[in-house]
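S.K.: So here's model-v1.tsv, just TSV, N, CA and C atoms:
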```
chain	number	residue	atom	x	y	z
A	1	MET	N	6.91	-12.46	16.19
A	1	MET	CA	6.84	-11.02	16.22
A	1	MET	C	5.67	-10.56	15.35
A	2	LYS	N	4.83	-9.73	15.90
A	2	LYS	CA	3.67	-9.22	15.18
A	2	LYS	C	4.07	-7.95	14.45
A	3	LEU	N	4.00	-7.98	13.12
A	3	LEU	CA	4.44	-6.85	12.32
A	3	LEU	C	3.37	-5.78	12.15
A	4	ILE	N	2.10	-6.19	12.18
A	4	ILE	CA	1.01	-5.25	11.95
A	4	ILE	C	0.17	-5.15	13.21
A	5	PRO	N	0.09	-3.97	13.84
A	5	PRO	CA	-0.76	-3.82	15.03
A	5	PRO	C	-2.20	-4.19	14.69
A	6	SER	N	-2.90	-4.81	15.62
A	6	SER	CA	-4.24	-5.31	15.35
A	6	SER	C	-5.22	-4.21	14.94
A	7	ASP	N	-5.07	-2.99	15.50
A	7	ASP	CA	-6.00	-1.92	15.12
A	7	ASP	C	-5.76	-1.45	13.69
A	8	VAL	N	-4.50	-1.47	13.24
A	8	VAL	CA	-4.19	-1.11	11.86
A	8	VAL	C	-4.75	-2.18	10.92
A	9	TYR	N	-4.51	-3.45	11.26
A	9	TYR	CA	-5.03	-4.55	10.46
A	9	TYR	C	-6.56	-4.48	10.38
A	10	ALA	N	-7.21	-4.28	11.52
A	10	ALA	CA	-8.68	-4.23	11.57
A	10	ALA	C	-9.22	-3.08	10.72
A	11	GLY	N	-8.58	-1.94	10.79
A	11	GLY	CA	-9.03	-0.78	10.01
A	11	GLY	C	-8.91	-1.02	8.52
A	12	ILE	N	-7.78	-1.57	8.10
A	12	ILE	CA	-7.58	-1.84	6.68
A	12	ILE	C	-8.51	-2.96	6.22
A	13	ALA	N	-8.64	-4.01	7.03
A	13	ALA	CA	-9.52	-5.12	6.68
A	13	ALA	C	-10.96	-4.66	6.55
A	14	LYS	N	-11.40	-3.78	7.42
A	14	LYS	CA	-12.77	-3.25	7.36
A	14	LYS	C	-12.99	-2.49	6.06
A	15	TRP	N	-12.00	-1.75	5.62
A	15	TRP	CA	-12.10	-1.00	4.37
A	15	TRP	C	-12.06	-1.94	3.16
A	16	ILE	N	-11.26	-3.00	3.25
A	16	ILE	CA	-11.05	-3.91	2.12
A	16	ILE	C	-12.24	-4.84	1.91
A	17	ASP	N	-12.89	-5.30	2.96
A	17	ASP	CA	-13.93	-6.32	2.84
A	17	ASP	C	-14.97	-6.03	1.76
A	18	PRO	N	-15.52	-4.81	1.65
A	18	PRO	CA	-16.50	-4.57	0.59
A	18	PRO	C	-15.89	-4.52	-0.82
A	19	HIS	N	-14.58	-4.52	-0.91
A	19	HIS	CA	-13.89	-4.39	-2.20
A	19	HIS	C	-13.19	-5.68	-2.62
A	20	GLU	N	-13.62	-6.82	-2.07
A	20	GLU	CA	-12.93	-8.09	-2.31
A	20	GLU	C	-12.79	-8.45	-3.78
A	21	ASN	N	-13.78	-8.14	-4.59
A	21	ASN	CA	-13.77	-8.54	-5.99
A	21	ASN	C	-13.28	-7.43	-6.91
A	22	GLN	N	-12.60	-6.46	-6.36
A	22	GLN	CA	-12.10	-5.33	-7.13
A	22	GLN	C	-10.58	-5.32	-7.10
A	23	THR	N	-10.00	-4.35	-7.76
A	23	THR	CA	-8.56	-4.15	-7.74
A	23	THR	C	-8.25	-2.87	-6.98
A	24	ILE	N	-7.27	-2.94	-6.11
A	24	ILE	CA	-6.80	-1.75	-5.40
A	24	ILE	C	-5.60	-1.21	-6.17
A	25	PHE	N	-5.67	0.04	-6.59
A	25	PHE	CA	-4.56	0.71	-7.25
A	25	PHE	C	-3.96	1.69	-6.25
A	26	LEU	N	-2.71	1.50	-5.92
A	26	LEU	CA	-2.02	2.37	-4.97
A	26	LEU	C	-1.09	3.30	-5.74
A	27	ALA	N	-1.30	4.60	-5.59
A	27	ALA	CA	-0.40	5.59	-6.17
A	27	ALA	C	0.85	5.62	-5.31
A	28	LEU	N	1.96	5.24	-5.88
A	28	LEU	CA	3.22	5.08	-5.15
A	28	LEU	C	4.23	6.12	-5.62
A	29	SER	N	4.53	7.08	-4.76
A	29	SER	CA	5.52	8.11	-5.12
A	29	SER	C	6.94	7.61	-4.90
A	30	GLY	N	7.09	6.69	-3.95
A	30	GLY	CA	8.42	6.23	-3.55
A	30	GLY	C	8.84	6.85	-2.24
A	31	GLY	N	8.04	7.78	-1.74
A	31	GLY	CA	8.30	8.38	-0.43
A	31	GLY	C	7.92	7.43	0.69
A	32	LEU	N	8.28	7.80	1.89
A	32	LEU	CA	8.10	6.92	3.05
A	32	LEU	C	6.65	6.51	3.26
A	33	ASP	N	5.72	7.46	3.17
A	33	ASP	CA	4.33	7.12	3.48
A	33	ASP	C	3.74	6.14	2.48
A	34	SER	N	3.97	6.34	1.19
A	34	SER	CA	3.39	5.42	0.21
A	34	SER	C	4.08	4.06	0.24
A	35	VAL	N	5.36	4.03	0.53
A	35	VAL	CA	6.08	2.75	0.62
A	35	VAL	C	5.60	1.97	1.85
A	36	VAL	N	5.39	2.65	2.97
A	36	VAL	CA	4.88	1.97	4.17
A	36	VAL	C	3.47	1.43	3.91
A	37	LEU	N	2.62	2.22	3.26
A	37	LEU	CA	1.28	1.75	2.94
A	37	LEU	C	1.33	0.53	2.03
A	38	LEU	N	2.18	0.54	1.02
A	38	LEU	CA	2.32	-0.62	0.14
A	38	LEU	C	2.78	-1.83	0.93
A	39	HIS	N	3.74	-1.64	1.81
A	39	HIS	CA	4.24	-2.75	2.64
A	39	HIS	C	3.12	-3.32	3.52
A	40	LEU	N	2.35	-2.44	4.16
A	40	LEU	CA	1.24	-2.90	5.01
A	40	LEU	C	0.22	-3.69	4.18
A	41	LEU	N	-0.16	-3.17	3.03
A	41	LEU	CA	-1.13	-3.86	2.19
A	41	LEU	C	-0.59	-5.22	1.73
A	42	PHE	N	0.68	-5.27	1.38
A	42	PHE	CA	1.30	-6.53	0.95
A	42	PHE	C	1.31	-7.55	2.07
A	43	GLU	N	1.65	-7.11	3.28
A	43	GLU	CA	1.67	-8.02	4.43
A	43	GLU	C	0.26	-8.52	4.75
A	44	ILE	N	-0.74	-7.65	4.67
A	44	ILE	CA	-2.12	-8.06	4.94
A	44	ILE	C	-2.59	-9.01	3.84
A	45	LYS	N	-2.17	-8.77	2.62
A	45	LYS	CA	-2.54	-9.66	1.50
A	45	LYS	C	-2.06	-11.09	1.77
A	46	LYS	N	-0.91	-11.24	2.41
A	46	LYS	CA	-0.38	-12.57	2.73
A	46	LYS	C	-1.23	-13.27	3.79
A	47	ILE	N	-1.91	-12.50	4.64
A	47	ILE	CA	-2.70	-13.05	5.74
A	47	ILE	C	-4.16	-13.27	5.33
A	48	LYS	N	-4.71	-12.33	4.60
A	48	LYS	CA	-6.14	-12.29	4.31
A	48	LYS	C	-6.43	-12.99	2.99
A	49	ALA	N	-7.14	-14.10	3.04
A	49	ALA	CA	-7.38	-14.93	1.86
A	49	ALA	C	-8.19	-14.22	0.78
A	50	ASN	N	-9.14	-13.39	1.16
A	50	ASN	CA	-10.01	-12.75	0.17
A	50	ASN	C	-9.56	-11.33	-0.17
A	51	PHE	N	-8.29	-11.07	-0.08
A	51	PHE	CA	-7.74	-9.75	-0.39
A	51	PHE	C	-7.84	-9.50	-1.89
A	52	PRO	N	-8.28	-8.30	-2.29
A	52	PRO	CA	-8.37	-8.01	-3.73
A	52	PRO	C	-7.00	-7.92	-4.39
A	53	GLN	N	-7.00	-7.87	-5.70
A	53	GLN	CA	-5.75	-7.69	-6.43
A	53	GLN	C	-5.15	-6.34	-6.06
A	54	LEU	N	-3.84	-6.29	-5.90
A	54	LEU	CA	-3.13	-5.07	-5.51
A	54	LEU	C	-2.17	-4.67	-6.62
A	55	VAL	N	-2.32	-3.43	-7.10
A	55	VAL	CA	-1.45	-2.90	-8.14
A	55	VAL	C	-0.88	-1.57	-7.67
A	56	ALA	N	0.44	-1.45	-7.69
A	56	ALA	CA	1.09	-0.19	-7.33
A	56	ALA	C	1.51	0.51	-8.62
A	57	ILE	N	1.17	1.78	-8.70
A	57	ILE	CA	1.50	2.59	-9.88
A	57	ILE	C	2.35	3.76	-9.42
A	58	HIS	N	3.55	3.89	-10.01
A	58	HIS	CA	4.41	4.99	-9.62
A	58	HIS	C	3.86	6.31	-10.16
A	59	ILE	N	3.78	7.29	-9.29
A	59	ILE	CA	3.35	8.64	-9.63
A	59	ILE	C	4.49	9.60	-9.29
A	60	HIS	N	5.00	10.28	-10.28
A	60	HIS	CA	6.05	11.29	-10.04
A	60	HIS	C	5.35	12.63	-9.85
A	61	HIS	N	5.12	12.98	-8.60
A	61	HIS	CA	4.36	14.20	-8.30
A	61	HIS	C	5.21	15.46	-8.32
A	62	GLY	N	6.51	15.33	-8.16
A	62	GLY	CA	7.39	16.48	-8.20
A	62	GLY	C	7.31	17.40	-7.00
A	63	TYR	N	6.56	16.99	-5.97
A	63	TYR	CA	6.39	17.85	-4.78
A	63	TYR	C	7.59	17.83	-3.85
A	64	SER	N	8.37	16.78	-3.93
A	64	SER	CA	9.52	16.64	-3.04
A	64	SER	C	10.81	16.83	-3.82
A	65	GLU	N	11.81	17.34	-3.14
A	65	GLU	CA	13.12	17.47	-3.77
A	65	GLU	C	13.71	16.10	-4.09
A	66	PHE	N	13.15	15.04	-3.50
A	66	PHE	CA	13.65	13.67	-3.72
A	66	PHE	C	12.88	12.92	-4.79
A	67	ALA	N	11.86	13.55	-5.39
A	67	ALA	CA	10.99	12.86	-6.34
A	67	ALA	C	11.74	12.23	-7.50
A	68	ASP	N	12.77	12.90	-8.01
A	68	ASP	CA	13.53	12.33	-9.12
A	68	ASP	C	14.28	11.06	-8.68
A	69	LYS	N	14.78	11.04	-7.46
A	69	LYS	CA	15.47	9.86	-6.93
A	69	LYS	C	14.50	8.70	-6.71
A	70	TRP	N	13.25	9.03	-6.32
A	70	TRP	CA	12.26	7.98	-6.06
A	70	TRP	C	11.89	7.24	-7.34
A	71	VAL	N	12.06	7.88	-8.49
A	71	VAL	CA	11.80	7.21	-9.76
A	71	VAL	C	12.73	6.00	-9.88
A	72	GLU	N	13.99	6.20	-9.51
A	72	GLU	CA	14.98	5.12	-9.57
A	72	GLU	C	14.63	4.01	-8.59
A	73	PHE	N	14.11	4.40	-7.42
A	73	PHE	CA	13.75	3.42	-6.38
A	73	PHE	C	12.62	2.55	-6.85
```
Take the structure in this file and express it as structure tokens.
M.R.:
Amino acid sequence: MKLIPSDVYAGIAKWIDPHENQTIFLALSGGLDSVVLLHLLFEIKKIKANFPQLVAIHIHHGYSEFADKWVEF
């Protein structure tokens, strides 16, 4: 089963290639969009040998009524 559509993988890989020797910092609120992005990057990291270091940093933005719950997540 293919978890990452090839166009999504290609788009992310194209963006990552020039940043191979850098660190990617992902601002992670805990909401659906940032969690999905983290999951995609993690899955691509398992496939792509020259993937840069990936660091997720929790950001409590307070924009959502669920933001306090996402801190626990």
S.K.: Hey, can you check how far atom C of Glu20 (chain A) sits from atom C of Lys45 (chain A)?
M.R.: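 Between atom C of Glu20 (chain A) and atom C of Lys45 (chain A) the gap works out to 12.4 Å.
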S.K.: Between CA of His60 (chain A) and CA of Phe25 (chain A), what is the distance, to one decimal in Å?
M.R.: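 About the pair CA of His60 (chain A) and CA of Phe25 (chain A): they are 15.2 Å apart.
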S.K.: In Å to one decimal, how far is atom N of Ile12 (chain A) from atom N of His61 (chain A)?
M.R.: 25.6 Å
S.K.: So, counting all atoms listed in the file, which residue among A:Phe42, A:Lys69, A:Asp33, A:Asn50 is closest to Ile16 (chain A)?
M.R.: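 Of the candidates, the smallest distance to Ile16 (chain A) is held by A:Asn50.
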S.K.: Compare A:Gln22, A:Asp7, A:Ile57, A:Phe51 by their minimum atom-to-atom distance to Leu38 (chain A), counting only C-alpha atoms, and give me the closest one.
M.R.: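 Closest to Leu38 (chain A) of all the choices is A:Ile57.
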S.K.: So which residues are close to (12.7, 2.8, -10.5), meaning at most 12 Å away in the file's coordinates with only C-alpha atoms counted, and can you show them as a VMD selection string?
M.R.: chain A and resid 28 to 30 57 to 60 67 to 73
S.K.: Quick one: pick out all helix (DSSP H, G or I) residues within region 5-73 of chain A from a backbone DSSP run and write them as a PyMOL selection string.
M.R.: chain A and resi 6-19+32-47+67-72
S.K.: Using only N, CA and C atoms, pick whichever of A:Ser6, A:Ser64, A:Gln53, A:Ser34 has the shortest atom-to-atom distance to His19 (chain A).
M.R.: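 Checking each of A:Ser6, A:Ser64, A:Gln53, A:Ser34 against His19 (chain A), counting only N, CA and C atoms, the winner is A:Gln53.
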S.K.: Which of these residues is nearest to Ile24 (chain A), using all atoms listed in the file: A:Glu43, A:Ala49, A:Gly11, A:Leu54?
M.R.: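 Under the stated criterion, the closest residue is A:Leu54.
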S.K.: Give the strand (DSSP E) residues of chain A, as DSSP finds them on the backbone, and put them as a list of chain:residue names.
M.R.: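 These are the residues in question: A:Thr23, A:Ile24, A:Phe25, A:Leu26, A:Ala27, A:Leu28, A:Gln53, A:Leu54, A:Val55, A:Ala56, A:Ile57, A:His58.
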